[in-house]
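What follows is a set of notes on a single structure, which appears directly below.
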Amino acid sequence: MRTDSSPGTLPAREHLPAAPAGTPVLDVVIPVFNEEKDLQPCVRRLHEHLDRTFPYAFRITIADNASTDTTAQVAGRLAAEIPEVTVFRLEQKGRGRALRAVWSASDAPVLAYMDVDLSTDLNALLPLVAPLISGHSDLAIGSRLARSSRVVRGPKREFISRAYNLILRGSLQARFSDAQCGFKAIRRDVAQVLLPLVEDTGWFFDTEMLVLAERAGLRIHEVPVDWVDDPDSTVHIVKTATDDLKGVWRIGRALATGSLPLDRLARPFGDDPRDRDIKDVPTGLARQLVGFCVVGALSTLFYLLLYSGFRVFTGSQVANALALLVSAVANTAANRRLTFGVRGRGGAVRHQAQGLVVFGIGLALTSGSLAALNAASSEPAHFTELAVLIAANLAATVLRFLLFRAWVFPDRREDDSPSATRYGTAPAGSTSYGTTPYDTARFRAGEAADGTWREATPHLQPVRPHDTDARDFR
């Protein structure tokens, strides 16, 4: 997983403004490898559909993934015959590699891709990109698993698709419904910031991009699609599934260890209404309460199991202290990551030290309760001990949440600059992605890695499908 880049602050969502036509609004990429048979009918059908229905200037880019047949010649003829078609040749295979290369070089504000078999009905294309043009969403995906989707495919592909998405939901807590449908779009300004974090160059590219986007707080729009399976598909299901599972393990491990710089992908203040400082509405309180309660319930169960185990070998006070110490360390770590959203290792030691102070208060409450119970009864039943400890822990839990929120993990966003993280500021020094250094404090949407500035939101103007002068930019 790439962790050597600090991509900077994501751009604010805005409707792409209208202005004289020039740069194409939409760039549709078709990754191909040895598709000499299907490429020409696919491109002609897509071009006819866009020319007839899409109200903006567009481009179709054929991304040739090192084809060894006559695909390159077919693509060249199409580019010569159709002004809106271009060809991008890569000498290495990999759908993710092709999408990264073309999207990174494109000047269109909305970037999309679809599979060459056109299994997805093209009527979903305009609904796919409209939320990106309007500024409502950051990414958009076609979903074959939405309730209103209409899908025709065999039971084997159906089972694999649903099983894979269940794995994503269970292991990575993904909320999008269909990761692998070959029908997706992204805003270029978002892609410039997000793509440097995506490591995979093959079929897992889609999933990795969506998981990182979701974890970074980006809005993913889902479009129900009509989809018909291509029986002649060249996708190797077993190899693709194996690579995907390896990718899931890699991403899960990176997220668990906090090695991804997702905290650098904070949007400008005010773009997300949940980030706004509204009087008498504590920021994130509801979400933090839910997370704290879940962590607290699991920690209490863990504590009781530890206490019961330690109680076999030692007295109640020692067993209580040991069980509370171990569970407190785990509780602080879980709340740090899950409840208060602190990622990375920065400040972890200080947070654990402050957590131990909170632990000491909890120890005083629970130990005092046990002492009071032993004073009242010389040999209290084990069930009675547990009941007293549960009551004392409930009181300690309320105090622990207040201390965590106000002291251990305070909300410091009012002190942050636009490029700062929630609990610290992004380094102002120069870092590098690959071999190209760039200043993280200056990298924004529209600003290239070499420091040159490009307009982040190109001006657009709707055009009628058969206007002859709207696409004379070629």
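Every chain in the structure tokens takes a letter, A first, then B, and so on in the order presented; its residues are numbered from 1, and the ligands are numbered from 1 following the presented order.
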
Inset, instruction - Using only C-alpha atoms, determine which residues lie at most 12 Å from Arg219 (chain A), disregarding the query and same-chain residues fewer than 5 positions distant; provide the list as a PyMOL selection string. - result: chain A and resi 12-13+131-132+135-141+175-176+186-187+190+210-214+267+271-272

Grab the residues selected above and save them as a PDB file, in the first residue's frame with C-alpha atoms.
ATOM      1  CA  ALA A  12     -15.116  21.339  -2.715  1.00  0.00           C
ATOM      2  CA  ARG A  13     -18.006  19.978  -4.756  1.00  0.00           C
ATOM      3  CA  PRO A 131     -24.434  13.781 -10.286  1.00  0.00           C
ATOM      4  CA  LEU A 132     -20.746  14.438 -10.973  1.00  0.00           C
ATOM      5  CA  GLY A 135     -21.445  18.590  -7.950  1.00  0.00           C
ATOM      6  CA  HIS A 136     -23.706  16.293  -5.933  1.00  0.00           C
ATOM      7  CA  SER A 137     -21.296  13.336  -5.896  1.00  0.00           C
ATOM      8  CA  ASP A 138     -17.614  12.528  -6.270  1.00  0.00           C
ATOM      9  CA  LEU A 139     -17.805   9.081  -7.841  1.00  0.00           C
ATOM     10  CA  ALA A 140     -20.599   7.127  -9.514  1.00  0.00           C
ATOM     11  CA  ILE A 141     -20.936   3.399 -10.119  1.00  0.00           C
ATOM     12  CA  ARG A 175     -21.433   0.233   1.981  1.00  0.00           C
ATOM     13  CA  PHE A 176     -21.510   0.345  -1.826  1.00  0.00           C
ATOM     14  CA  ILE A 186     -15.218  10.008 -11.208  1.00  0.00           C
ATOM     15  CA  ARG A 187     -14.614  13.759 -11.188  1.00  0.00           C
ATOM     16  CA  VAL A 190     -11.096  14.034  -7.153  1.00  0.00           C
ATOM     17  CA  LEU A 210     -14.053   2.724  -3.925  1.00  0.00           C
ATOM     18  CA  VAL A 211     -12.967   1.575  -0.455  1.00  0.00           C
ATOM     19  CA  LEU A 212     -10.478   4.434  -0.118  1.00  0.00           C
ATOM     20  CA  ALA A 213     -13.015   6.937  -1.446  1.00  0.00           C
ATOM     21  CA  GLU A 214     -15.638   5.762   1.018  1.00  0.00           C
ATOM     22  CA  ARG A 267     -12.582  18.292   2.549  1.00  0.00           C
ATOM     23  CA  ASP A 271     -18.397  21.262   2.307  1.00  0.00           C
ATOM     24  CA  ASP A 272     -19.853  18.494   4.454  1.00  0.00           C
TER      25      ASP A 272
END

Inset, instruction - Within 12 Å of Gln354 (chain A), counting only C-alpha atoms, which residues show up once you throw out same-chain ones fewer than 6 positions away? Write them as an MDAnalysis selection string, please. - result: chainID A and resid 328:329 332:333 336 347:348 360:361 400 403:409

Legend entry - Within 12 Å of Val129 (chain A) using only C-alpha atoms, minus same-chain residues under 2 positions, as JSON, numbers by chain: {"A": [16, 25, 26, 27, 28, 54, 55, 56, 58, 109, 110, 111, 112, 113, 122, 123, 124, 125, 126, 127, 131, 132, 133, 134, 135, 136, 137, 138, 139, 140, 141, 142, 183, 184, 185, 186, 187, 188, 220, 221, 222, 223]}

Keeping only C-alpha atoms, take the residues you just selected and write them out as an mmCIF file, in the first residue's frame.
data_model
loop_
_atom_site.group_PDB
_atom_site.id
_atom_site.type_symbol
_atom_site.label_atom_id
_atom_site.label_comp_id
_atom_site.auth_asym_id
_atom_site.auth_seq_id
_atom_site.Cartn_x
_atom_site.Cartn_y
_atom_site.Cartn_z
ATOM 1 C CA LEU A 16 -19.347 22.546 -13.320
ATOM 2 C CA VAL A 25 -16.890 17.369 -20.493
ATOM 3 C CA LEU A 26 -16.808 13.574 -20.495
ATOM 4 C CA ASP A 27 -13.935 11.227 -21.323
ATOM 5 C CA VAL A 28 -15.094 7.594 -21.600
ATOM 6 C CA PHE A 54 -25.336 13.478 -24.457
ATOM 7 C CA PRO A 55 -25.764 17.283 -24.219
ATOM 8 C CA TYR A 56 -22.064 18.110 -23.778
ATOM 9 C CA PHE A 58 -17.340 14.184 -25.157
ATOM 10 C CA PRO A 109 -13.675 17.220 -15.798
ATOM 11 C CA VAL A 110 -15.658 13.944 -15.721
ATOM 12 C CA LEU A 111 -13.884 10.628 -16.326
ATOM 13 C CA ALA A 112 -15.659 7.320 -16.928
ATOM 14 C CA TYR A 113 -14.927 3.835 -18.138
ATOM 15 C CA LEU A 122 -25.984 2.709 -22.297
ATOM 16 C CA ASN A 123 -29.151 4.465 -21.122
ATOM 17 C CA ALA A 124 -27.551 4.457 -17.652
ATOM 18 C CA LEU A 125 -24.592 6.562 -18.818
ATOM 19 C CA LEU A 126 -26.190 10.003 -18.472
ATOM 20 C CA PRO A 127 -27.653 9.182 -14.999
ATOM 21 C CA PRO A 131 -24.434 13.781 -10.286
ATOM 22 C CA LEU A 132 -20.746 14.438 -10.973
ATOM 23 C CA ILE A 133 -21.468 17.333 -13.308
ATOM 24 C CA SER A 134 -23.918 18.850 -10.831
ATOM 25 C CA GLY A 135 -21.445 18.590 -7.950
ATOM 26 C CA HIS A 136 -23.706 16.293 -5.933
ATOM 27 C CA SER A 137 -21.296 13.336 -5.896
ATOM 28 C CA ASP A 138 -17.614 12.528 -6.270
ATOM 29 C CA LEU A 139 -17.805 9.081 -7.841
ATOM 30 C CA ALA A 140 -20.599 7.127 -9.514
ATOM 31 C CA ILE A 141 -20.936 3.399 -10.119
ATOM 32 C CA GLY A 142 -23.344 1.168 -11.947
ATOM 33 C CA PHE A 183 -19.380 1.030 -15.458
ATOM 34 C CA LYS A 184 -17.957 3.827 -13.303
ATOM 35 C CA ALA A 185 -17.201 7.547 -13.329
ATOM 36 C CA ILE A 186 -15.218 10.008 -11.208
ATOM 37 C CA ARG A 187 -14.614 13.759 -11.188
ATOM 38 C CA ARG A 188 -11.144 14.617 -12.475
ATOM 39 C CA ILE A 220 -20.489 7.538 -4.128
ATOM 40 C CA HIS A 221 -23.618 7.634 -6.290
ATOM 41 C CA GLU A 222 -25.088 4.283 -7.373
ATOM 42 C CA VAL A 223 -27.115 3.826 -10.567
#

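The gap separating CA of Val326 (chain A) from CA of Leu301 (chain A) is 12.4 Å, in Å to one decimal.
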
Legend entry - DSSP strand (DSSP E or B) residues within region 81-151 of chain A, as a list of chain:residue names: A:Val85, A:Thr86, A:Val87, A:Phe88, A:Arg89, A:Leu90, A:Val110, A:Leu111, A:Ala112, A:Tyr113, A:Met114, A:Thr120, A:Leu139, A:Ala140, A:Ile141, A:Gly142, A:Ser143, A:Arg150, A:Val151

Residue selection dump (N, CA and C atoms) as a PDB file, in the first residue's frame:
ATOM      1  N   VAL A  85     -12.790  10.134 -31.117  1.00  0.00           N
ATOM      2  CA  VAL A  85     -12.110   8.928 -30.642  1.00  0.00           C
ATOM      3  C   VAL A  85     -10.602   9.158 -30.641  1.00  0.00           C
ATOM      4  N   THR A  86      -9.959   8.811 -29.534  1.00  0.00           N
ATOM      5  CA  THR A  86      -8.499   8.842 -29.436  1.00  0.00           C
ATOM      6  C   THR A  86      -8.007   7.487 -28.947  1.00  0.00           C
ATOM      7  N   VAL A  87      -6.709   7.239 -29.117  1.00  0.00           N
ATOM      8  CA  VAL A  87      -6.108   5.957 -28.727  1.00  0.00           C
ATOM      9  C   VAL A  87      -4.951   6.225 -27.778  1.00  0.00           C
ATOM     10  N   PHE A  88      -4.889   5.423 -26.717  1.00  0.00           N
ATOM     11  CA  PHE A  88      -3.797   5.512 -25.740  1.00  0.00           C
ATOM     12  C   PHE A  88      -3.190   4.116 -25.647  1.00  0.00           C
ATOM     13  N   ARG A  89      -1.940   3.981 -26.037  1.00  0.00           N
ATOM     14  CA  ARG A  89      -1.271   2.685 -26.073  1.00  0.00           C
ATOM     15  C   ARG A  89      -0.397   2.489 -24.836  1.00  0.00           C
ATOM     16  N   LEU A  90      -0.550   1.339 -24.153  1.00  0.00           N
ATOM     17  CA  LEU A  90       0.296   0.971 -23.025  1.00  0.00           C
ATOM     18  C   LEU A  90       1.028  -0.309 -23.368  1.00  0.00           C
ATOM     19  N   VAL A 110     -14.992  15.173 -16.143  1.00  0.00           N
ATOM     20  CA  VAL A 110     -15.658  13.944 -15.721  1.00  0.00           C
ATOM     21  C   VAL A 110     -15.037  12.787 -16.480  1.00  0.00           C
ATOM     22  N   LEU A 111     -14.564  11.782 -15.754  1.00  0.00           N
ATOM     23  CA  LEU A 111     -13.884  10.628 -16.326  1.00  0.00           C
ATOM     24  C   LEU A 111     -14.712   9.382 -16.061  1.00  0.00           C
ATOM     25  N   ALA A 112     -14.871   8.544 -17.075  1.00  0.00           N
ATOM     26  CA  ALA A 112     -15.659   7.320 -16.928  1.00  0.00           C
ATOM     27  C   ALA A 112     -14.943   6.182 -17.627  1.00  0.00           C
ATOM     28  N   TYR A 113     -15.413   4.974 -17.371  1.00  0.00           N
ATOM     29  CA  TYR A 113     -14.927   3.835 -18.138  1.00  0.00           C
ATOM     30  C   TYR A 113     -16.029   2.791 -18.220  1.00  0.00           C
ATOM     31  N   MET A 114     -15.947   1.967 -19.249  1.00  0.00           N
ATOM     32  CA  MET A 114     -16.875   0.848 -19.395  1.00  0.00           C
ATOM     33  C   MET A 114     -16.160  -0.274 -20.124  1.00  0.00           C
ATOM     34  N   THR A 120     -23.473  -3.398 -19.970  1.00  0.00           N
ATOM     35  CA  THR A 120     -24.376  -2.455 -19.316  1.00  0.00           C
ATOM     36  C   THR A 120     -25.103  -1.616 -20.367  1.00  0.00           C
ATOM     37  N   LEU A 139     -17.936  10.248  -6.979  1.00  0.00           N
ATOM     38  CA  LEU A 139     -17.805   9.081  -7.841  1.00  0.00           C
ATOM     39  C   LEU A 139     -19.204   8.541  -8.125  1.00  0.00           C
ATOM     40  N   ALA A 140     -19.330   7.767  -9.197  1.00  0.00           N
ATOM     41  CA  ALA A 140     -20.599   7.127  -9.514  1.00  0.00           C
ATOM     42  C   ALA A 140     -20.310   5.733 -10.062  1.00  0.00           C
ATOM     43  N   ILE A 141     -21.130   4.773  -9.674  1.00  0.00           N
ATOM     44  CA  ILE A 141     -20.936   3.399 -10.119  1.00  0.00           C
ATOM     45  C   ILE A 141     -22.256   2.810 -10.572  1.00  0.00           C
ATOM     46  N   GLY A 142     -22.189   1.956 -11.577  1.00  0.00           N
ATOM     47  CA  GLY A 142     -23.344   1.168 -11.947  1.00  0.00           C
ATOM     48  C   GLY A 142     -23.458  -0.026 -11.029  1.00  0.00           C
ATOM     49  N   SER A 143     -24.661  -0.336 -10.596  1.00  0.00           N
ATOM     50  CA  SER A 143     -24.855  -1.437  -9.661  1.00  0.00           C
ATOM     51  C   SER A 143     -25.788  -2.487 -10.256  1.00  0.00           C
ATOM     52  N   ARG A 150     -31.861  -4.772 -13.546  1.00  0.00           N
ATOM     53  CA  ARG A 150     -32.350  -5.925 -14.298  1.00  0.00           C
ATOM     54  C   ARG A 150     -31.150  -6.612 -14.930  1.00  0.00           C
ATOM     55  N   VAL A 151     -30.844  -7.798 -14.425  1.00  0.00           N
ATOM     56  CA  VAL A 151     -29.599  -8.470 -14.760  1.00  0.00           C
ATOM     57  C   VAL A 151     -29.889  -9.858 -15.319  1.00  0.00           C
TER      58      VAL A 151
END

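CA of Val225 (chain A) is found 14.8 Å from CA of Asp117 (chain A).
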
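The shell of residues at most 12 Å from Lys37 (chain A), with only C-alpha atoms counted and near chain neighbours (fewer than 5 positions) removed, consists of Val32, Cys42, Val43, Asp69, Thr70, Thr71, Ala72, Gln73, Val74, Ala75, Val116, Asp117 and Asp232 of chain A.
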
Let me see the file: selected residues, N, CA and C atoms, as a short mmCIF file (atom, residue, chain, number, x, y, z; two decimals), in the first residue's frame.
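Output below, filename part-v5.cif:
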data_model
loop_
_atom_site.label_atom_id
_atom_site.label_comp_id
_atom_site.auth_asym_id
_atom_site.auth_seq_id
_atom_site.Cartn_x
_atom_site.Cartn_y
_atom_site.Cartn_z
N VAL A 32 -8.86 -2.23 -23.35
CA VAL A 32 -8.97 -3.41 -24.20
C VAL A 32 -7.65 -4.16 -24.23
N CYS A 42 -18.33 -1.86 -30.66
CA CYS A 42 -18.51 -1.21 -29.35
C CYS A 42 -18.34 0.29 -29.48
N VAL A 43 -17.25 0.73 -30.09
CA VAL A 43 -16.96 2.17 -30.17
C VAL A 43 -18.01 2.87 -31.03
N ASP A 69 -2.75 -8.70 -30.98
CA ASP A 69 -3.45 -8.97 -32.24
C ASP A 69 -3.58 -7.67 -33.02
N THR A 70 -4.63 -7.51 -33.80
CA THR A 70 -4.80 -6.31 -34.62
C THR A 70 -5.63 -5.23 -33.93
N THR A 71 -5.76 -5.31 -32.61
CA THR A 71 -6.53 -4.31 -31.89
C THR A 71 -5.99 -2.90 -32.13
N ALA A 72 -4.68 -2.74 -32.13
CA ALA A 72 -4.09 -1.42 -32.33
C ALA A 72 -4.46 -0.84 -33.69
N GLN A 73 -4.48 -1.69 -34.73
CA GLN A 73 -4.83 -1.21 -36.06
C GLN A 73 -6.30 -0.81 -36.13
N VAL A 74 -7.17 -1.62 -35.51
CA VAL A 74 -8.60 -1.29 -35.47
C VAL A 74 -8.82 0.02 -34.74
N ALA A 75 -8.14 0.21 -33.62
CA ALA A 75 -8.28 1.45 -32.85
C ALA A 75 -7.79 2.65 -33.66
N VAL A 116 -15.54 -3.28 -22.83
CA VAL A 116 -15.71 -3.27 -24.27
C VAL A 116 -16.91 -4.10 -24.72
N ASP A 117 -17.38 -5.02 -23.91
CA ASP A 117 -18.53 -5.83 -24.32
C ASP A 117 -19.85 -5.08 -24.20
N ASP A 232 -18.87 -14.66 -23.94
CA ASP A 232 -17.53 -14.77 -24.52
C ASP A 232 -16.49 -13.95 -23.76
#

Inset, instruction - Would you work out the distance separating CA of Phe33 (chain A) from CA of Ile82 (chain A), expressed in Å to one decimal? - result: 20.9 Å

Inset, instruction - Could you give me, as a list in words, the residues within 12 Å of Arg337 (chain A), counting only C-alpha atoms and dropping anything in the same chain fewer than 6 positions from it? - result: Leu255, Ala256, Thr257, Gly258, Asp263, Gln288, Gly291, Phe292, Val295, Ala330, Asn331, Arg343, Gly344, Arg345, Gly346, Ala348, His351 and Phe409 of chain A

Inset, instruction - Considering only C-alpha atoms, return as an MDAnalysis selection string whatever protein or nucleic-acid residues lie within 9 Å of region 391-398 of chain A, sequence-local ones (same chain, fewer than 2 positions apart) excluded. - result: chainID A and resid 293 296 300 358:359 361:363 365:369 386:389 400:403

Write out the residues from the selection above, keeping N, CA and C atoms, as an mmCIF file, in the first residue's frame.
data_model
loop_
_atom_site.group_PDB
_atom_site.id
_atom_site.type_symbol
_atom_site.label_atom_id
_atom_site.label_comp_id
_atom_site.auth_asym_id
_atom_site.auth_seq_id
_atom_site.Cartn_x
_atom_site.Cartn_y
_atom_site.Cartn_z
ATOM 1 N N CYS A 293 -20.448 3.364 22.651
ATOM 2 C CA CYS A 293 -21.292 2.339 23.282
ATOM 3 C C CYS A 293 -20.946 0.946 22.771
ATOM 4 N N GLY A 296 -17.624 0.112 24.186
ATOM 5 C CA GLY A 296 -17.784 -0.110 25.625
ATOM 6 C C GLY A 296 -18.414 -1.444 25.943
ATOM 7 N N THR A 300 -16.541 -4.259 28.029
ATOM 8 C CA THR A 300 -17.089 -4.781 29.286
ATOM 9 C C THR A 300 -17.119 -6.302 29.271
ATOM 10 N N VAL A 358 -7.510 7.800 32.871
ATOM 11 C CA VAL A 358 -8.941 7.501 32.919
ATOM 12 C C VAL A 358 -9.168 6.122 33.518
ATOM 13 N N PHE A 359 -8.275 5.181 33.174
ATOM 14 C CA PHE A 359 -8.340 3.847 33.770
ATOM 15 C C PHE A 359 -8.212 3.917 35.293
ATOM 16 N N ILE A 361 -9.168 6.253 37.260
ATOM 17 C CA ILE A 361 -10.443 6.695 37.827
ATOM 18 C C ILE A 361 -11.434 5.544 37.853
ATOM 19 N N GLY A 362 -11.461 4.783 36.737
ATOM 20 C CA GLY A 362 -12.346 3.613 36.705
ATOM 21 C C GLY A 362 -11.963 2.580 37.737
ATOM 22 N N LEU A 363 -10.657 2.403 37.926
ATOM 23 C CA LEU A 363 -10.182 1.457 38.943
ATOM 24 C C LEU A 363 -10.615 1.887 40.333
ATOM 25 N N LEU A 365 -13.265 3.637 41.114
ATOM 26 C CA LEU A 365 -14.705 3.405 41.255
ATOM 27 C C LEU A 365 -15.011 1.926 41.494
ATOM 28 N N THR A 366 -14.420 1.060 40.648
ATOM 29 C CA THR A 366 -14.731 -0.365 40.772
ATOM 30 C C THR A 366 -14.120 -0.965 42.034
ATOM 31 N N SER A 367 -12.890 -0.561 42.343
ATOM 32 C CA SER A 367 -12.258 -1.089 43.562
ATOM 33 C C SER A 367 -13.002 -0.618 44.804
ATOM 34 N N GLY A 368 -13.438 0.645 44.791
ATOM 35 C CA GLY A 368 -14.216 1.136 45.922
ATOM 36 C C GLY A 368 -15.523 0.387 46.072
ATOM 37 N N SER A 369 -16.143 0.031 44.942
ATOM 38 C CA SER A 369 -17.386 -0.740 45.007
ATOM 39 C C SER A 369 -17.141 -2.131 45.582
ATOM 40 N N LEU A 386 -20.062 -9.693 40.290
ATOM 41 C CA LEU A 386 -20.205 -9.269 38.902
ATOM 42 C C LEU A 386 -21.257 -8.175 38.773
ATOM 43 N N ALA A 387 -22.364 -8.290 39.478
ATOM 44 C CA ALA A 387 -23.424 -7.283 39.407
ATOM 45 C C ALA A 387 -22.928 -5.930 39.899
ATOM 46 N N VAL A 388 -22.179 -5.932 40.998
ATOM 47 C CA VAL A 388 -21.633 -4.688 41.542
ATOM 48 C C VAL A 388 -20.628 -4.075 40.565
ATOM 49 N N LEU A 389 -19.806 -4.926 39.964
ATOM 50 C CA LEU A 389 -18.815 -4.432 39.015
ATOM 51 C C LEU A 389 -19.477 -3.838 37.770
ATOM 52 N N ARG A 400 -15.814 8.126 31.540
ATOM 53 C CA ARG A 400 -14.767 7.853 30.564
ATOM 54 C C ARG A 400 -15.066 8.538 29.234
ATOM 55 N N PHE A 401 -16.322 8.486 28.786
ATOM 56 C CA PHE A 401 -16.681 9.130 27.522
ATOM 57 C C PHE A 401 -16.448 10.635 27.586
ATOM 58 N N LEU A 402 -16.868 11.237 28.688
ATOM 59 C CA LEU A 402 -16.692 12.685 28.837
ATOM 60 C C LEU A 402 -15.210 13.061 28.832
ATOM 61 N N LEU A 403 -14.402 12.285 29.518
ATOM 62 C CA LEU A 403 -12.969 12.573 29.548
ATOM 63 C C LEU A 403 -12.311 12.319 28.195
#

Legend entry - All helix (DSSP H, G or I) positions in region 298-410 of chain A, as a PyMOL selection string: chain A and resi 298-311+316-339+348-376+382-408

Inset, instruction - Find the residues around Ser316 (chain A) up to 12 Å (only C-alpha atoms counted), leave out those fewer than 6 positions away in its own chain, and share them as a PyMOL selection string. - result: chain A and resi 306-310+322-324+366-371+373-374+379-382+385-386+389
